[in-house]
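Data file: target-v8.pdb. Format and content: PDB, C-alpha atoms.
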ATOM      1  CA  MET A  44      47.840 183.679  55.642
ATOM      2  CA  THR A  45      45.756 181.518  57.903
ATOM      3  CA  VAL A  46      44.369 179.536  54.985
ATOM      4  CA  PHE A  47      47.863 179.037  53.604
ATOM      5  CA  ARG A  48      49.074 177.678  56.932
ATOM      6  CA  LEU A  49      46.142 175.308  57.144
ATOM      7  CA  LEU A  50      46.832 173.949  53.675
ATOM      8  CA  SER A  51      50.515 173.553  54.448
ATOM      9  CA  ALA A  52      49.756 171.693  57.646
ATOM     10  CA  ALA A  53      47.335 169.437  55.826
ATOM     11  CA  ALA A  54      49.877 168.695  53.115
ATOM     12  CA  THR A  55      52.590 167.950  55.653
ATOM     13  CA  ALA A  56      50.280 165.593  57.555
ATOM     14  CA  ALA A  57      49.412 163.791  54.326
ATOM     15  CA  LEU A  58      53.070 163.306  53.437
ATOM     16  CA  VAL A  59      53.833 161.937  56.895
ATOM     17  CA  ALA A  60      50.856 159.580  56.897
ATOM     18  CA  ALA A  61      51.426 158.223  53.412
ATOM     19  CA  PRO A  62      54.443 155.989  54.252
ATOM     20  CA  ALA A  63      52.697 154.734  57.371
ATOM     21  CA  LEU A  64      49.610 153.810  55.390
ATOM     22  CA  ALA A  65      51.702 152.192  52.692
ATOM     23  CA  GLY A  66      53.692 150.200  55.218
ATOM     24  CA  GLY A  67      50.610 149.249  57.205
ATOM     25  CA  TYR A  68      49.200 147.035  54.420
ATOM     26  CA  ALA A  69      50.300 143.368  54.513
ATOM     27  CA  GLU A  70      49.238 140.296  52.607
ATOM     28  CA  PRO A  71      47.173 137.827  54.642
ATOM     29  CA  ALA A  72      49.231 135.165  56.415
ATOM     30  CA  PRO A  73      49.158 131.755  54.675
ATOM     31  CA  ILE A  74      46.903 129.121  56.212
ATOM     32  CA  PRO A  75      49.124 126.556  57.925
ATOM     33  CA  VAL A  76      49.008 123.107  56.323
ATOM     34  CA  VAL A  77      48.329 120.404  58.897
ATOM     35  CA  PRO A  78      49.804 117.075  57.764
ATOM     36  CA  ALA A  79      47.405 114.154  57.675
ATOM     37  CA  PRO A  80      47.843 111.781  60.592
ATOM     38  CA  ILE A  81      49.854 108.651  59.818
ATOM     39  CA  PRO A  82      47.563 105.627  60.153
ATOM     40  CA  VAL A  83      48.593 103.361  63.002
ATOM     41  CA  PRO A  84      47.877  99.680  62.371
ATOM     42  CA  PRO A  85      45.759  97.995  65.007
ATOM     43  CA  PRO A  86      47.596  95.777  67.460
ATOM     44  CA  ALA A  87      48.030  92.184  66.403
ATOM     45  CA  PRO A  88      45.276  89.933  67.731
ATOM     46  CA  SER A  89      46.308  87.915  70.731
ATOM     47  CA  ALA A  90      44.932  84.952  72.613
ATOM     48  CA  ASP A  91      45.004  83.723  76.167
ATOM     49  CA  TRP A  92      45.805  80.012  75.988
ATOM     50  CA  SER A  93      45.100  79.341  79.668
ATOM     51  CA  GLY A  94      42.360  76.855  80.499
ATOM     52  CA  PHE A  95      41.030  73.367  79.946
ATOM     53  CA  TYR A  96      40.294  72.016  76.470
ATOM     54  CA  ILE A  97      38.906  68.919  74.754
ATOM     55  CA  GLY A  98      38.980  67.897  71.118
ATOM     56  CA  GLY A  99      39.742  65.347  68.472
ATOM     57  CA  GLN A 100      42.497  64.426  66.034
ATOM     58  CA  ILE A 101      42.955  62.407  62.861
ATOM     59  CA  ALA A 102      46.244  61.406  61.264
ATOM     60  CA  THR A 103      48.050  59.143  58.885
ATOM     61  CA  GLY A 104      50.015  56.581  60.867
ATOM     62  CA  ARG A 105      53.138  54.704  59.776
ATOM     63  CA  LEU A 106      53.780  51.622  61.914
ATOM     64  CA  THR A 107      57.219  49.988  61.776
ATOM     65  CA  PHE A 108      58.490  46.673  63.125
ATOM     66  CA  SER A 109      62.293  46.526  63.232
ATOM     67  CA  ASN A 110      64.759  43.809  64.104
ATOM     68  CA  ASP A 111      68.339  45.023  64.461
ATOM     69  CA  ALA A 112      69.674  41.480  64.735
ATOM     70  CA  PHE A 113      68.635  40.766  61.148
ATOM     71  CA  ASP A 114      68.590  44.371  59.885
ATOM     72  CA  VAL A 115      64.910  44.089  58.966
ATOM     73  CA  GLU A 116      62.171  46.720  59.024
ATOM     74  CA  ASP A 117      58.545  46.209  57.998
ATOM     75  CA  THR A 118      56.254  49.214  57.489
ATOM     76  CA  TYR A 119      52.449  49.501  57.392
ATOM     77  CA  SER A 120      50.301  52.632  57.058
ATOM     78  CA  ASP A 121      46.675  53.651  57.560
ATOM     79  CA  LEU A 122      44.465  56.101  59.422
ATOM     80  CA  ILE A 123      44.540  56.671  63.160
ATOM     81  CA  GLY A 124      42.492  59.128  65.215
ATOM     82  CA  GLY A 125      40.694  59.795  68.454
ATOM     83  CA  LEU A 126      40.134  62.248  71.296
ATOM     84  CA  HIS A 127      42.281  64.416  73.563
ATOM     85  CA  ALA A 128      41.860  66.571  76.677
ATOM     86  CA  GLY A 129      44.238  68.750  78.632
ATOM     87  CA  TYR A 130      45.079  71.995  80.363
ATOM     88  CA  LEU A 131      47.369  74.889  79.366
ATOM     89  CA  ALA A 132      48.797  77.731  81.457
ATOM     90  CA  ASP A 133      49.719  80.916  79.563
ATOM     91  CA  LEU A 134      52.723  82.447  81.373
ATOM     92  CA  GLY A 135      53.134  85.375  78.992
ATOM     93  CA  ARG A 136      55.751  84.456  76.423
ATOM     94  CA  PHE A 137      55.564  80.731  77.150
ATOM     95  CA  VAL A 138      52.722  78.221  77.455
ATOM     96  CA  VAL A 139      53.001  74.942  79.377
ATOM     97  CA  GLY A 140      50.518  72.201  80.122
ATOM     98  CA  ALA A 141      49.587  68.525  80.142
ATOM     99  CA  GLU A 142      47.471  66.409  77.817
ATOM    100  CA  ALA A 143      45.988  62.913  77.620
ATOM    101  CA  ALA A 144      44.902  61.372  74.319
ATOM    102  CA  PHE A 145      43.447  58.124  72.984
ATOM    103  CA  ASP A 146      43.566  56.977  69.339
ATOM    104  CA  TRP A 147      41.847  54.134  67.545
ATOM    105  CA  SER A 148      43.849  52.613  64.711
ATOM    106  CA  ARG A 149      43.171  50.868  61.405
ATOM    107  CA  ILE A 150      46.795  49.825  60.880
ATOM    108  CA  ASP A 151      47.621  46.119  60.445
ATOM    109  CA  ASP A 152      49.998  43.861  58.529
ATOM    110  CA  SER A 153      47.319  42.104  56.490
ATOM    111  CA  GLU A 154      49.244  42.943  53.300
ATOM    112  CA  ASP A 155      51.935  40.448  54.296
ATOM    113  CA  PHE A 156      49.896  38.105  56.502
ATOM    114  CA  PRO A 157      46.293  38.093  55.228
ATOM    115  CA  GLU A 158      45.380  34.873  57.026
ATOM    116  CA  ASP A 159      46.606  35.954  60.460
ATOM    117  CA  PRO A 160      47.152  39.740  60.552
ATOM    118  CA  LEU A 161      48.569  41.613  63.499
ATOM    119  CA  ALA A 162      46.648  44.840  64.124
ATOM    120  CA  LEU A 163      47.445  47.968  66.081
ATOM    121  CA  ASP A 164      44.099  48.560  67.805
ATOM    122  CA  SER A 165      44.767  51.681  69.871
ATOM    123  CA  VAL A 166      47.355  54.079  71.265
ATOM    124  CA  ALA A 167      47.011  55.918  74.587
ATOM    125  CA  ARG A 168      49.213  58.884  75.541
ATOM    126  CA  ILE A 169      49.812  61.135  78.500
ATOM    127  CA  GLY A 170      52.443  63.857  78.402
ATOM    128  CA  VAL A 171      53.453  67.485  78.703
ATOM    129  CA  ARG A 172      53.328  70.357  76.201
ATOM    130  CA  ALA A 173      55.511  73.473  76.067
ATOM    131  CA  GLY A 174      55.211  76.242  73.500
ATOM    132  CA  PHE A 175      55.824  79.873  72.591
ATOM    133  CA  ASP A 176      52.941  82.351  72.805
ATOM    134  CA  ALA A 177      52.930  84.129  69.430
ATOM    135  CA  GLY A 178      49.476  85.656  69.828
ATOM    136  CA  ARG A 179      46.922  83.473  68.106
ATOM    137  CA  VAL A 180      49.648  81.061  66.973
ATOM    138  CA  LEU A 181      51.139  78.502  69.364
ATOM    139  CA  PRO A 182      54.129  76.447  68.161
ATOM    140  CA  TYR A 183      54.853  73.723  70.705
ATOM    141  CA  ALA A 184      56.737  70.549  71.538
ATOM    142  CA  SER A 185      55.336  67.564  73.429
ATOM    143  CA  ALA A 186      56.614  64.363  75.023
ATOM    144  CA  GLY A 187      55.445  61.672  77.409
ATOM    145  CA  LEU A 188      54.428  58.053  77.863
ATOM    146  CA  SER A 189      52.425  55.903  75.462
ATOM    147  CA  ARG A 190      50.761  52.496  75.458
ATOM    148  CA  ALA A 191      49.944  50.500  72.328
ATOM    149  CA  THR A 192      47.422  47.664  72.187
ATOM    150  CA  PHE A 193      47.815  44.978  69.503
ATOM    151  CA  SER A 194      45.539  42.100  68.548
ATOM    152  CA  TRP A 195      45.878  38.991  66.391
ATOM    153  CA  ASP A 196      43.953  35.835  65.745
ATOM    154  CA  GLY A 197      43.314  34.390  69.173
ATOM    155  CA  GLY A 198      45.071  36.980  71.318
ATOM    156  CA  ASP A 199      45.923  40.544  72.214
ATOM    157  CA  GLY A 200      48.484  42.435  74.284
ATOM    158  CA  SER A 201      49.817  45.846  75.221
ATOM    159  CA  THR A 202      53.266  47.400  75.340
ATOM    160  CA  ASP A 203      54.482  50.591  77.006
ATOM    161  CA  GLY A 204      56.909  53.155  75.639
ATOM    162  CA  PHE A 205      57.284  56.880  75.055
ATOM    163  CA  PHE A 206      56.484  59.513  72.451
ATOM    164  CA  PHE A 207      57.805  62.900  71.379
ATOM    165  CA  GLY A 208      57.013  65.468  68.713
ATOM    166  CA  GLY A 209      55.404  68.825  68.215
ATOM    167  CA  GLY A 210      53.099  70.985  66.170
ATOM    168  CA  VAL A 211      51.476  74.348  65.748
ATOM    169  CA  GLU A 212      48.043  75.481  66.899
ATOM    170  CA  PHE A 213      45.984  78.477  65.727
ATOM    171  CA  ALA A 214      43.236  80.139  67.783
ATOM    172  CA  VAL A 215      40.313  80.622  65.392
ATOM    173  CA  SER A 216      38.339  82.246  68.225
ATOM    174  CA  ASP A 217      38.471  82.510  71.996
ATOM    175  CA  ARG A 218      36.970  79.004  72.205
ATOM    176  CA  LEU A 219      38.097  77.129  69.105
ATOM    177  CA  SER A 220      41.600  76.250  67.923
ATOM    178  CA  VAL A 221      42.907  74.075  65.086
ATOM    179  CA  GLY A 222      46.374  72.745  64.376
ATOM    180  CA  ALA A 223      48.741  70.231  62.831
ATOM    181  CA  GLU A 224      50.957  67.800  64.704
ATOM    182  CA  VAL A 225      53.624  65.163  64.100
ATOM    183  CA  LEU A 226      54.451  62.535  66.748
ATOM    184  CA  ARG A 227      56.874  59.637  67.039
ATOM    185  CA  HIS A 228      56.141  56.669  69.342
ATOM    186  CA  GLU A 229      58.740  54.088  70.400
ATOM    187  CA  TRP A 230      57.982  50.710  72.009
ATOM    188  CA  ALA A 231      61.355  49.090  72.653
ATOM    189  CA  ASP A 232      59.911  46.233  74.752
ATOM    190  CA  TYR A 233      57.305  45.300  72.155
ATOM    191  CA  ALA A 234      58.586  41.732  71.629
ATOM    192  CA  GLU A 235      58.796  40.948  75.341
ATOM    193  CA  ASP A 236      55.439  42.526  76.190
ATOM    194  CA  ILE A 237      53.535  40.947  73.308
ATOM    195  CA  GLY A 238      55.303  37.601  73.637
ATOM    196  CA  THR A 239      56.832  37.150  70.189
ATOM    197  CA  GLU A 240      59.236  34.319  69.495
ATOM    198  CA  ASP A 241      62.105  36.680  68.651
ATOM    199  CA  PRO A 242      62.868  39.171  71.466
ATOM    200  CA  ASN A 243      64.801  41.478  69.130
ATOM    201  CA  TRP A 244      61.695  43.013  67.539
ATOM    202  CA  GLU A 245      60.793  46.613  68.354
ATOM    203  CA  ALA A 246      57.793  48.663  67.251
ATOM    204  CA  GLY A 247      57.386  52.330  66.424
ATOM    205  CA  LEU A 248      54.707  54.636  65.089
ATOM    206  CA  THR A 249      54.931  58.017  63.330
ATOM    207  CA  THR A 250      51.761  60.081  62.908
ATOM    208  CA  LEU A 251      51.120  63.232  60.905
ATOM    209  CA  GLY A 252      47.700  64.774  61.287
ATOM    210  CA  LEU A 253      45.248  67.527  62.131
ATOM    211  CA  ARG A 254      43.528  68.380  65.381
ATOM    212  CA  GLY A 255      40.815  70.677  66.694
ATOM    213  CA  SER A 256      40.118  71.721  70.280
ATOM    214  CA  PHE A 257      37.321  73.475  72.141
ATOM    215  CA  ARG A 258      38.679  75.610  75.001
ATOM    216  CA  PHE A 259      36.732  76.622  78.092
TER     217      PHE A 259
END
Please rewrite the model in this file as structure tokens.
Amino acid sequence: MTVFRLLSAAATAALVAAPALAGGYAEPAPIPVVPAPIPVPPPAPSADWSGFYIGGQIATGRLTFSNDAFDVEDTYSDLIGGLHAGYLADLGRFVVGAEAAFDWSRIDDSEDFPEDPLALDSVARIGVRAGFDAGRVLPYASAGLSRATFSWDGGDGSTDGFFFGGGVEFAVSDRLSVGAEVLRHEWADYAEDIGTEDPNWEAGLTTLGLRGSFRF
């Protein structure tokens, strides 16, 4: 009887434990998949335009002499180039500054007057610049005063006027920048200042060129 009870107890215990053992088995949890990080592009390179700078420029110049009284305009073209120096202040989104420049010119009217040509010898400028800080790119406008010096057989003279224009500059490095620029010069008192026979003549110059500056 005792052995029978022991076997019965053992059988009952086995029946009770079987569901627990069966329910206690579970498949291993899946390894969570971690998504790859989304690459973040590096910030766009920027430049601080503040500081002094010096450099040079070269351009194609188109010199015009106009006379409204007779509806006449004569045009002559050649190279013009020189040096510039200035200072810029970077205010965050905007850049402002001042610049002085001097150009030597090869423009004359020898095509029409080979025996006694009139030559544009030089152009001096002083003015202001204002632009938008787009990182390493600086689009800008400029305006100011200009003086042109002319020479001819047996004489020379200067006339004062103004200029305006603009361009875009790119910072190659923290010290070097390059750019392109177009300027228009107007000398309304050319005839009076130079002493021509007809006071109705005016002179103007349009330049399109390249420039490079060293900043420090």
Using the chain letters and residue numbers of this document, give as a count of residues only the residues selected by the PyMOL selection byres ((chain A and resi 161) around 9). 13
Determine, counting all atoms listed in the file, which protein, DNA and RNA residues have an atom within 12 Å of an atom of Gly178 in chain A; residues of the same chain fewer than 2 positions away are not included. Present the result as number ranges by chain. A: 86-92, 133, 135-138, 174-176, 180-182, 212-217
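Distance check against Gly200 in chain A using only C-alpha atoms: of A:Val221, A:Glu235, A:His228, A:Ala186, the minimum falls on A:Glu235.
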Pick out the residues sitting within 10 Å of Arg254 in chain A, and hand them over as a PDB file with C-alpha atoms, in the coordinates of the input; count all atoms listed in the file, and ignore anything fewer than 5 positions along from it in its own chain.
ATOM      1  CA  GLY A  98      38.980  67.897  71.118  1.00  0.00           C
ATOM      2  CA  GLY A  99      39.742  65.347  68.472  1.00  0.00           C
ATOM      3  CA  GLN A 100      42.497  64.426  66.034  1.00  0.00           C
ATOM      4  CA  ILE A 101      42.955  62.407  62.861  1.00  0.00           C
ATOM      5  CA  ALA A 102      46.244  61.406  61.264  1.00  0.00           C
ATOM      6  CA  GLY A 124      42.492  59.128  65.215  1.00  0.00           C
ATOM      7  CA  GLY A 125      40.694  59.795  68.454  1.00  0.00           C
ATOM      8  CA  LEU A 126      40.134  62.248  71.296  1.00  0.00           C
ATOM      9  CA  HIS A 127      42.281  64.416  73.563  1.00  0.00           C
ATOM     10  CA  GLY A 210      53.099  70.985  66.170  1.00  0.00           C
ATOM     11  CA  VAL A 211      51.476  74.348  65.748  1.00  0.00           C
ATOM     12  CA  GLU A 212      48.043  75.481  66.899  1.00  0.00           C
ATOM     13  CA  SER A 220      41.600  76.250  67.923  1.00  0.00           C
ATOM     14  CA  VAL A 221      42.907  74.075  65.086  1.00  0.00           C
ATOM     15  CA  GLY A 222      46.374  72.745  64.376  1.00  0.00           C
ATOM     16  CA  ALA A 223      48.741  70.231  62.831  1.00  0.00           C
ATOM     17  CA  GLU A 224      50.957  67.800  64.704  1.00  0.00           C
TER      18      GLU A 224
END
List the spatial neighbours of Ala231 in chain A as a list in words - criterion: any atom at most 10 Å away, only C-alpha atoms, same-chain residues fewer than 2 positions off excluded. Ser109, Thr202, Asp203, Gly204, Phe205, His228, Glu229, Tyr233, Ala234, Glu235, Asp236, Asn243, Trp244, Glu245, Ala246 and Gly247 of chain A
Apply the PyMOL selection byres ((chain A and resi 147) around 9) to the displayed file and report the matching residues as a PDB file with C-alpha atoms, in the coordinates of the input.
ATOM      1  CA  LEU A 122      44.465  56.101  59.422  1.00  0.00           C
ATOM      2  CA  ILE A 123      44.540  56.671  63.160  1.00  0.00           C
ATOM      3  CA  GLY A 124      42.492  59.128  65.215  1.00  0.00           C
ATOM      4  CA  GLY A 125      40.694  59.795  68.454  1.00  0.00           C
ATOM      5  CA  PHE A 145      43.447  58.124  72.984  1.00  0.00           C
ATOM      6  CA  ASP A 146      43.566  56.977  69.339  1.00  0.00           C
ATOM      7  CA  SER A 148      43.849  52.613  64.711  1.00  0.00           C
ATOM      8  CA  ARG A 149      43.171  50.868  61.405  1.00  0.00           C
ATOM      9  CA  LEU A 163      47.445  47.968  66.081  1.00  0.00           C
ATOM     10  CA  ASP A 164      44.099  48.560  67.805  1.00  0.00           C
ATOM     11  CA  SER A 165      44.767  51.681  69.871  1.00  0.00           C
ATOM     12  CA  VAL A 166      47.355  54.079  71.265  1.00  0.00           C
ATOM     13  CA  ALA A 167      47.011  55.918  74.587  1.00  0.00           C
TER      14      ALA A 167
END
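You will find CA of Thr239 in chain A at 23.6 Å from CA of Arg168 in chain A.
In terms of minimum interatomic distance to Ser120 in chain A, A:Thr249 ranks closest within A:Val171, A:Leu134, A:Thr249, A:Tyr183, counting all atoms listed in the file.
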